[in-house]
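Presented below is the structure to which this report refers.
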Amino acid sequence: MTLSTIRIIEPTTDNGQQDLKDKHPLYFLAVLAPAGVSEEVTAFKQYAASNFDSSRALHSPPHITLIPPFSWPARQLPDVIQEVEQVAGAIAPFWLTLRNFNCFSPRVIFVDVPENKALAALQATLSQHLQRHLNLGGEDKRGFHPHMTVAFKDLRRRLFTPAWAYFSLIHYERTYEVREIALLRHNKQEWEVIRRFPLKC
């Protein structure tokens with residue numbers, strides 16, 4: 001999961017107190033995996049936790065990030081919901097394939113997503129819409145690289161090589177229909193799905 005775009009709403013107070021942004025929940029938007037695929041990818045995450053001491057990926061359900069984590073006032077969440085509903089309702093469901101593993105050396109290992117024009121269009125449309133209507137987020141200079149994370153932040157460099165040696169040899173391929181966007185919120189321990197937005201019927 002990319003953490004490069006976080007919108008801060010509240011400025012630092014004049015009296016030098018800690019920035020009030022810390023009181024706002026964190027959210028992100030994603031495409032989730034269906035139940036069967038989710039169970040399989042979670043098993044990969046559990047293997048990474050047990051064998052390579054990397055468990056952070058277990059703090060969220062298997063997903064492909066569309067809009068990375070952002071801080072947002074809970075009282076203004078209906079604004080986000082309204083805008084995401086508008087985008088989701090205008091985009092038709094599409095098919096998505098997961099294929100084998102890839103990495104961002106030396107810290108991230110993930111199930112790879114082959115090029116998918118419909119997914120890229122969904123991400124671009126959603127990002128541009130939220131930027132235009134809510135000033136939320138912005139363009140990620142690294143671009144959109146869809147993936148489903150198996151191990152990341154807490155994967156130590158010395159364990160990356162054996163972890164990648166293991167996952168790089170696994171052949172894994174699944175295809176499923178994307179029919180919704182999910183909104184997730186951090187509850188101080190893990191990410192939980194709080195809203196689902198069906199795509200165009």
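Letters A, B, ... go to the chains of the structure tokens in the order shown; residues in each chain start at 1; ligands are counted from 1 in the same order.
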
Show me a table, sorted first by chain and then by increasing residue number, of the residues of region 41-73 of chain A having an atom at most 9 Å from region 161-183 of chain A, each with its shortest atom pair and the distance in Å to one decimal, counting only C-alpha atoms and written as JSON lines.
{"residue": "A:Phe44", "atom": "CA", "partner": "A:Phe167", "partner_atom": "CA", "distance": 8.7}
{"residue": "A:Ala48", "atom": "CA", "partner": "A:Ala163", "partner_atom": "CA", "distance": 7.3}
{"residue": "A:Asn51", "atom": "CA", "partner": "A:Ala163", "partner_atom": "CA", "distance": 8.2}
{"residue": "A:Phe52", "atom": "CA", "partner": "A:Ala163", "partner_atom": "CA", "distance": 6.4}
{"residue": "A:Leu66", "atom": "CA", "partner": "A:Ile181", "partner_atom": "CA", "distance": 8.8}

Could those residues be written to a file, using C-alpha atoms, as a PDB file, in the first residue's frame?
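Wrote selection.pdb, looks like this:
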ATOM      1  CA  PHE A  44       0.441 -15.884   1.650  1.00  0.00           C
ATOM      2  CA  ALA A  48       5.330 -14.215   5.305  1.00  0.00           C
ATOM      3  CA  ASN A  51       8.589 -17.473   8.072  1.00  0.00           C
ATOM      4  CA  PHE A  52       9.957 -13.989   7.359  1.00  0.00           C
ATOM      5  CA  LEU A  66      -6.864   3.147  -5.547  1.00  0.00           C
TER       6      LEU A  66
END

(request) Please identify all polymer residues within 9 Å of region 86-89 of chain A, counting only C-alpha atoms, omitting same-chain residues fewer than 2 positions from it, and present them as a VMD selection string. (result) chain A and resid 81 to 84 91 to 92 122 125 to 126 129 180 to 181 197 to 201

Could you save those same residues with C-alpha atoms as a JSON list (two decimals), in the first residue's frame?
[["chain", "number", "residue", "atom", "x", "y", "z"],
["A", 81, "ILE", "CA", -18.98, 9.15, 0.34],
["A", 82, "GLN", "CA", -21.06, 11.32, -1.97],
["A", 83, "GLU", "CA", -18.24, 11.88, -4.42],
["A", 84, "VAL", "CA", -17.13, 8.23, -4.49],
["A", 91, "ILE", "CA", -18.20, 3.00, -14.14],
["A", 92, "ALA", "CA", -19.12, -0.47, -15.34],
["A", 122, "LEU", "CA", -11.07, 3.70, -12.54],
["A", 125, "THR", "CA", -11.09, 8.93, -12.74],
["A", 126, "LEU", "CA", -11.49, 8.54, -8.98],
["A", 129, "HIS", "CA", -12.61, 13.57, -9.27],
["A", 180, "GLU", "CA", -17.40, -2.34, -6.19],
["A", 181, "ILE", "CA", -15.02, 0.12, -4.54],
["A", 197, "PHE", "CA", -19.75, 1.44, -3.44],
["A", 198, "PRO", "CA", -21.29, -0.73, -6.18],
["A", 199, "LEU", "CA", -20.17, -0.01, -9.71],
["A", 200, "LYS", "CA", -22.67, 0.79, -12.46],
["A", 201, "CYS", "CA", -25.36, -1.88, -12.83]]

(request) Among the residues of region 50-195 of chain A, find those DSSP assigns to strand (DSSP E or B) from the backbone and print them as a PyMOL selection string. (result) chain A and resi 63-71+94-99+101-104+108-112+147-151+173-178+180-186+191-195

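Candidate residues A:Phe70, A:Tyr47, A:Phe152, A:Trp191 were compared for distance to Leu130 (chain A), and the nearest is A:Phe70, using only C-alpha atoms.
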
(message) Using only C-alpha atoms for the distances, tell me which of A:Leu159, A:Arg132, A:His24, A:Ala151 is nearest to Gln76 (chain A).
(response) A:His24

(message) Please list as a list in words every residue within 8 Å of Gln123 (chain A), counting only C-alpha atoms and excluding residues in the same chain fewer than 4 positions away.
(response) Leu66, Ile67, Leu119, Ser127 and Phe144 of chain A

(request) Please provide the set of residues having any atom within 8 Å of His147 (chain A), restricted to only C-alpha atoms, with same-chain residues fewer than 5 positions apart removed, written as a list in words. (result) His63, Ile64, Thr65, Phe110, Val111, Asp112 and Val113 of chain A

(message) Which residue is closest to Phe28 (chain A)? Choose from A:Pro78, A:Pro106, A:Gly137, A:Pro114 and count only C-alpha atoms.
(response) A:Gly137

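Remark: for Asn187 (chain A), the closest of the candidate residues A:Gln46, A:His59, A:Ala30, A:Asp53 is A:His59 (distances computed over only C-alpha atoms).
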
(request) Please run DSSP on the backbone and report, as an MDAnalysis selection string, all residues within region 20-137 of chain A that come out as alpha helix (DSSP H). (result) chainID A and resid 35:52 77:88 117:134

Let me see the file: selected residues, N, CA and C atoms, as a compact mmCIF listing (two decimals), in the first residue's frame.
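Below is the file selection03.txt, written as the result:
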# COMPACT_ATOMS: atom_id res chain seq x y z
N ALA A 35 -14.07 -13.38 -1.66
CA ALA A 35 -13.80 -14.22 -0.49
C ALA A 35 -12.74 -15.30 -0.74
N GLY A 36 -12.91 -16.08 -1.80
CA GLY A 36 -11.97 -17.17 -2.05
C GLY A 36 -10.55 -16.68 -2.29
N VAL A 37 -10.42 -15.66 -3.10
CA VAL A 37 -9.10 -15.08 -3.39
C VAL A 37 -8.53 -14.44 -2.14
N SER A 38 -9.38 -13.78 -1.37
CA SER A 38 -8.94 -13.14 -0.14
C SER A 38 -8.34 -14.16 0.82
N GLU A 39 -8.96 -15.31 0.92
CA GLU A 39 -8.44 -16.37 1.80
C GLU A 39 -7.07 -16.84 1.33
N GLU A 40 -6.90 -16.97 0.02
CA GLU A 40 -5.63 -17.44 -0.51
C GLU A 40 -4.52 -16.41 -0.29
N VAL A 41 -4.81 -15.15 -0.57
CA VAL A 41 -3.79 -14.11 -0.40
C VAL A 41 -3.48 -13.92 1.08
N THR A 42 -4.47 -14.04 1.93
CA THR A 42 -4.22 -13.97 3.37
C THR A 42 -3.30 -15.09 3.82
N ALA A 43 -3.44 -16.26 3.21
CA ALA A 43 -2.54 -17.38 3.53
C ALA A 43 -1.10 -17.03 3.15
N PHE A 44 -0.90 -16.34 2.02
CA PHE A 44 0.44 -15.88 1.65
C PHE A 44 0.98 -14.91 2.70
N LYS A 45 0.13 -14.00 3.15
CA LYS A 45 0.54 -13.04 4.18
C LYS A 45 0.94 -13.77 5.47
N GLN A 46 0.15 -14.77 5.84
CA GLN A 46 0.44 -15.52 7.06
C GLN A 46 1.75 -16.27 6.95
N TYR A 47 2.05 -16.77 5.74
CA TYR A 47 3.34 -17.45 5.53
C TYR A 47 4.48 -16.45 5.70
N ALA A 48 4.30 -15.25 5.16
CA ALA A 48 5.33 -14.21 5.30
C ALA A 48 5.53 -13.85 6.77
N ALA A 49 4.44 -13.80 7.52
CA ALA A 49 4.54 -13.47 8.94
C ALA A 49 5.25 -14.58 9.71
N SER A 50 4.92 -15.82 9.41
CA SER A 50 5.48 -16.95 10.16
C SER A 50 6.93 -17.24 9.80
N ASN A 51 7.27 -17.04 8.54
CA ASN A 51 8.59 -17.47 8.07
C ASN A 51 9.58 -16.33 7.83
N PHE A 52 9.07 -15.11 7.65
CA PHE A 52 9.96 -13.99 7.36
C PHE A 52 9.69 -12.79 8.27
N LEU A 77 -16.95 13.11 6.42
CA LEU A 77 -16.90 11.88 5.64
C LEU A 77 -18.05 11.77 4.64
N PRO A 78 -19.26 12.26 4.95
CA PRO A 78 -20.33 12.21 3.94
C PRO A 78 -19.96 12.87 2.62
N ASP A 79 -19.09 13.87 2.65
CA ASP A 79 -18.64 14.50 1.41
C ASP A 79 -17.86 13.51 0.55
N VAL A 80 -16.99 12.75 1.19
CA VAL A 80 -16.20 11.74 0.47
C VAL A 80 -17.13 10.67 -0.08
N ILE A 81 -18.04 10.20 0.75
CA ILE A 81 -18.98 9.15 0.34
C ILE A 81 -19.79 9.60 -0.88
N GLN A 82 -20.27 10.81 -0.86
CA GLN A 82 -21.06 11.32 -1.97
C GLN A 82 -20.28 11.33 -3.27
N GLU A 83 -19.03 11.78 -3.20
CA GLU A 83 -18.24 11.88 -4.42
C GLU A 83 -17.83 10.51 -4.94
N VAL A 84 -17.50 9.58 -4.04
CA VAL A 84 -17.13 8.23 -4.49
C VAL A 84 -18.34 7.52 -5.09
N GLU A 85 -19.50 7.71 -4.50
CA GLU A 85 -20.73 7.13 -5.07
C GLU A 85 -20.96 7.62 -6.49
N GLN A 86 -20.69 8.88 -6.72
CA GLN A 86 -20.89 9.45 -8.05
C GLN A 86 -19.96 8.81 -9.08
N VAL A 87 -18.71 8.61 -8.70
CA VAL A 87 -17.75 7.98 -9.61
C VAL A 87 -18.12 6.51 -9.84
N ALA A 88 -18.36 5.78 -8.75
CA ALA A 88 -18.64 4.35 -8.86
C ALA A 88 -19.88 4.09 -9.71
N LYS A 117 -6.52 -1.88 -18.38
CA LYS A 117 -6.94 -0.53 -18.74
C LYS A 117 -8.15 -0.07 -17.95
N ALA A 118 -9.07 -0.98 -17.66
CA ALA A 118 -10.27 -0.59 -16.91
C ALA A 118 -9.91 -0.20 -15.48
N LEU A 119 -9.00 -0.95 -14.87
CA LEU A 119 -8.57 -0.62 -13.51
C LEU A 119 -7.84 0.72 -13.49
N ALA A 120 -6.95 0.93 -14.45
CA ALA A 120 -6.22 2.19 -14.53
C ALA A 120 -7.17 3.36 -14.74
N ALA A 121 -8.19 3.16 -15.56
CA ALA A 121 -9.17 4.22 -15.81
C ALA A 121 -9.97 4.53 -14.55
N LEU A 122 -10.35 3.49 -13.80
CA LEU A 122 -11.07 3.70 -12.54
C LEU A 122 -10.22 4.51 -11.58
N GLN A 123 -8.96 4.13 -11.43
CA GLN A 123 -8.10 4.85 -10.49
C GLN A 123 -7.90 6.30 -10.90
N ALA A 124 -7.67 6.53 -12.18
CA ALA A 124 -7.43 7.89 -12.67
C ALA A 124 -8.69 8.74 -12.50
N THR A 125 -9.83 8.19 -12.85
CA THR A 125 -11.09 8.93 -12.74
C THR A 125 -11.38 9.28 -11.29
N LEU A 126 -11.21 8.31 -10.40
CA LEU A 126 -11.49 8.54 -8.98
C LEU A 126 -10.53 9.58 -8.40
N SER A 127 -9.25 9.44 -8.71
CA SER A 127 -8.25 10.37 -8.20
C SER A 127 -8.52 11.80 -8.67
N GLN A 128 -8.78 11.95 -9.95
CA GLN A 128 -9.03 13.28 -10.51
C GLN A 128 -10.31 13.89 -9.96
N HIS A 129 -11.32 13.08 -9.78
CA HIS A 129 -12.61 13.57 -9.27
C HIS A 129 -12.46 14.07 -7.83
N LEU A 130 -11.80 13.29 -6.99
CA LEU A 130 -11.64 13.69 -5.59
C LEU A 130 -10.73 14.90 -5.46
N GLN A 131 -9.73 14.99 -6.32
CA GLN A 131 -8.86 16.16 -6.29
C GLN A 131 -9.64 17.41 -6.70
N ARG A 132 -10.46 17.28 -7.71
CA ARG A 132 -11.20 18.43 -8.24
C ARG A 132 -12.30 18.89 -7.29
N HIS A 133 -13.01 17.94 -6.68
CA HIS A 133 -14.18 18.30 -5.89
C HIS A 133 -13.90 18.46 -4.39
N LEU A 134 -12.86 17.77 -3.90
CA LEU A 134 -12.57 17.84 -2.46
C LEU A 134 -11.14 18.28 -2.15

(message) So, with only C-alpha atoms as the atoms that count, which of A:Trp72, A:Pro34, A:Arg157, A:Thr149 lies closest to Phe101 (chain A)?
(response) A:Thr149

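From CA of Leu98 (chain A) back to CA of Leu32 (chain A), the distance works out to 12.1 Å.
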
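In terms of minimum interatomic distance to Asn100 (chain A), A:Met148 ranks closest within A:Met148, A:Arg158, A:His186, A:Leu26, counting only C-alpha atoms.
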
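When CA of Phe160 (chain A) is paired with CA of Arg142 (chain A), their separation reads 22.1 Å.
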